file model33.pdb (PDB, C-alpha atoms, pLDDT in the B column)
ATOM      1  CA  MET R   1      27.804   0.862  -0.089  1.00 74.00           C
ATOM      2  CA  ASN R   2      28.346  -0.717  -3.444  1.00 78.00           C
ATOM      3  CA  TYR R   3      30.379   1.854  -5.333  1.00 75.00           C
ATOM      4  CA  ASN R   4      30.212  -0.160  -8.568  1.00 74.00           C
ATOM      5  CA  ALA R   5      26.461  -0.725  -8.558  1.00 81.00           C
ATOM      6  CA  GLU R   6      24.078   0.496 -11.220  1.00 88.00           C
ATOM      7  CA  MET R   7      22.406   2.765  -8.644  1.00 92.00           C
ATOM      8  CA  PRO R   8      24.291   6.069  -8.179  1.00 94.00           C
ATOM      9  CA  ILE R   9      26.107   6.370  -4.854  1.00 96.00           C
ATOM     10  CA  TYR R  10      24.073   9.387  -3.750  1.00 96.00           C
ATOM     11  CA  LEU R  11      20.868   7.330  -4.082  1.00 96.00           C
ATOM     12  CA  GLN R  12      22.469   4.468  -2.151  1.00 96.00           C
ATOM     13  CA  VAL R  13      23.312   6.847   0.696  1.00 97.00           C
ATOM     14  CA  ILE R  14      19.803   8.331   0.688  1.00 97.00           C
ATOM     15  CA  HIS R  15      18.382   4.809   0.848  1.00 96.00           C
ATOM     16  CA  ASP R  16      20.690   3.957   3.755  1.00 97.00           C
ATOM     17  CA  LEU R  17      19.773   7.117   5.663  1.00 97.00           C
ATOM     18  CA  LYS R  18      16.048   6.492   5.108  1.00 96.00           C
ATOM     19  CA  LYS R  19      16.503   2.931   6.366  1.00 97.00           C
ATOM     20  CA  LYS R  20      18.204   4.242   9.522  1.00 96.00           C
ATOM     21  CA  MET R  21      15.299   6.667  10.051  1.00 95.00           C
ATOM     22  CA  ILE R  22      12.736   3.880   9.706  1.00 95.00           C
ATOM     23  CA  GLN R  23      14.724   1.680  12.104  1.00 97.00           C
ATOM     24  CA  GLY R  24      14.827   4.498  14.659  1.00 96.00           C
ATOM     25  CA  LYS R  25      18.605   4.874  14.471  1.00 96.00           C
ATOM     26  CA  ILE R  26      18.027   8.490  13.380  1.00 94.00           C
ATOM     27  CA  LEU R  27      15.193  10.062  15.334  1.00 92.00           C
ATOM     28  CA  PRO R  28      12.766  12.774  14.174  1.00 90.00           C
ATOM     29  CA  GLY R  29      14.201  16.205  14.908  1.00 87.00           C
ATOM     30  CA  GLU R  30      17.698  14.789  15.324  1.00 89.00           C
ATOM     31  CA  LYS R  31      20.444  16.865  13.748  1.00 90.00           C
ATOM     32  CA  LEU R  32      22.116  15.050  10.864  1.00 92.00           C
ATOM     33  CA  PRO R  33      25.877  14.983  10.237  1.00 93.00           C
ATOM     34  CA  SER R  34      27.432  17.931   8.429  1.00 93.00           C
ATOM     35  CA  ASN R  35      28.354  17.560   4.764  1.00 94.00           C
ATOM     36  CA  ARG R  36      31.943  16.920   5.811  1.00 96.00           C
ATOM     37  CA  GLU R  37      30.963  14.324   8.419  1.00 96.00           C
ATOM     38  CA  LEU R  38      28.650  12.565   5.966  1.00 97.00           C
ATOM     39  CA  ALA R  39      31.413  12.536   3.353  1.00 97.00           C
ATOM     40  CA  VAL R  40      33.834  10.907   5.798  1.00 98.00           C
ATOM     41  CA  LEU R  41      31.228   8.454   7.076  1.00 97.00           C
ATOM     42  CA  TYR R  42      30.308   7.195   3.603  1.00 97.00           C
ATOM     43  CA  LYS R  43      33.688   7.827   1.937  1.00 96.00           C
ATOM     44  CA  ILE R  44      32.159  10.186  -0.616  1.00 97.00           C
ATOM     45  CA  ASN R  45      32.940  13.661  -1.918  1.00 96.00           C
ATOM     46  CA  GLN R  46      31.581  16.631   0.066  1.00 96.00           C
ATOM     47  CA  ASN R  47      29.743  17.821  -3.052  1.00 97.00           C
ATOM     48  CA  THR R  48      27.975  14.449  -3.162  1.00 97.00           C
ATOM     49  CA  ALA R  49      27.048  14.842   0.509  1.00 97.00           C
ATOM     50  CA  ALA R  50      25.573  18.272  -0.232  1.00 95.00           C
ATOM     51  CA  ARG R  51      23.605  16.797  -3.138  1.00 97.00           C
ATOM     52  CA  ILE R  52      22.260  14.048  -0.866  1.00 97.00           C
ATOM     53  CA  TYR R  53      20.875  16.604   1.575  1.00 95.00           C
ATOM     54  CA  ARG R  54      19.427  18.757  -1.231  1.00 95.00           C
ATOM     55  CA  GLU R  55      17.652  15.720  -2.681  1.00 96.00           C
ATOM     56  CA  MET R  56      16.372  14.675   0.759  1.00 95.00           C
ATOM     57  CA  GLU R  57      15.040  18.181   1.346  1.00 93.00           C
ATOM     58  CA  ILE R  58      13.211  18.073  -2.000  1.00 94.00           C
ATOM     59  CA  MET R  59      11.750  14.695  -0.952  1.00 94.00           C
ATOM     60  CA  ASP R  60      10.557  16.287   2.344  1.00 91.00           C
ATOM     61  CA  ILE R  61      12.666  13.855   4.346  1.00 91.00           C
ATOM     62  CA  VAL R  62      14.763  16.529   6.033  1.00 90.00           C
ATOM     63  CA  ILE R  63      14.413  20.232   6.767  1.00 87.00           C
ATOM     64  CA  GLN R  64      17.050  22.863   7.206  1.00 79.00           C
ATOM     65  CA  SER R  65      16.709  24.999  10.320  1.00 72.00           C
ATOM     66  CA  GLY R  66      20.163  26.038  11.448  1.00 66.00           C
ATOM     67  CA  GLY R  67      21.271  22.535  10.447  1.00 65.00           C
ATOM     68  CA  LEU R  68      19.713  19.619   8.661  1.00 66.00           C
ATOM     69  CA  GLU R  69      17.184  17.671  10.681  1.00 69.00           C
ATOM     70  CA  HIS R  70      15.110  14.567  10.053  1.00 65.00           C
ATOM     71  CA  LEU R  71      11.373  15.361   9.868  1.00 62.00           C
TER      72      LEU R  71
END
call {"tool": "encode", "arguments": {"input": "model33.pdb", "output": "structure tokens"}}
result
Amino acid sequence: MNYNAEMPIYLQVIHDLKKKMIQGKILPGEKLPSNRELAVLYKINQNTAARIYREMEIMDIVIQSGGLEHL
């Protein structure tokens, strides 16, 4: 992550997660990390992690069914 880039950090994380999905590192139906786990993994605030998942749900990349899952 480039925390000083012109692209907001939440978009950088979304891009990274999408890349991992395309590469098969995150499989369809696989449960994603919790907000807390994502925050620790990417060294971001938990509110930012929650925003990332909200944005990804709006983009139809993930669904929430007891936990966030990749479509």
call {"tool": "resolve_selection", "arguments": {"input": "model33.pdb", "expression": "the PyMOL selection byres ((chain R and resi 3-14) around 8)", "output": "compact mmCIF listing (two decimals) with C-alpha atoms, in the coordinates of the input"}}
result
# COMPACT_ATOMS: atom_id res chain seq x y z
CA MET R 1 27.80 0.86 -0.09
CA ASN R 2 28.35 -0.72 -3.44
CA HIS R 15 18.38 4.81 0.85
CA ASP R 16 20.69 3.96 3.76
CA LEU R 17 19.77 7.12 5.66
CA LYS R 18 16.05 6.49 5.11
CA TYR R 42 30.31 7.20 3.60
CA THR R 48 27.98 14.45 -3.16
CA ALA R 49 27.05 14.84 0.51
CA ARG R 51 23.60 16.80 -3.14
CA ILE R 52 22.26 14.05 -0.87
CA MET R 56 16.37 14.68 0.76
call {"tool": "atom_distance", "arguments": {"input": "model33.pdb", "atom1": "atom CA of R:Pro33", "atom2": "atom CA of R:Arg54"}}
result
13.7 Å
call {"tool": "residues_near_point", "arguments": {"input": "model33.pdb", "point": "(25.7, 19.7, 7.7)", "cutoff": "9 Å", "atoms": "all atoms listed in the file", "output": "ChimeraX atom specification"}}
result
/R:31-38,49-50,53,67-68
call {"tool": "closest_residue", "arguments": {"input": "model33.pdb", "among": "R:Gln46, R:Leu41, R:Glu55, R:Ile61", "to": "R:Pro28", "atoms": "all atoms listed in the file"}}
result
R:Ile61
call {"tool": "atom_distance", "arguments": {"input": "model33.pdb", "atom1": "atom CA of R:Gly29", "atom2": "atom CA of R:Ile58"}}
result
17.0 Å
call {"tool": "atom_distance", "arguments": {"input": "model33.pdb", "atom1": "atom CA of R:Gly24", "atom2": "atom CA of R:Val62"}}
result
14.8 Å
call {"tool": "axis_aligned_box", "arguments": {"input": "model33.pdb", "around": "stretch 44-58 of chain R", "padding_each_side": "4 Å", "output": "AutoDock Vina command-line options"}}
result
--center_x 23.1 --center_y 14.5 --center_z -0.8 --size_x 27.7 --size_y 16.6 --size_z 12.7
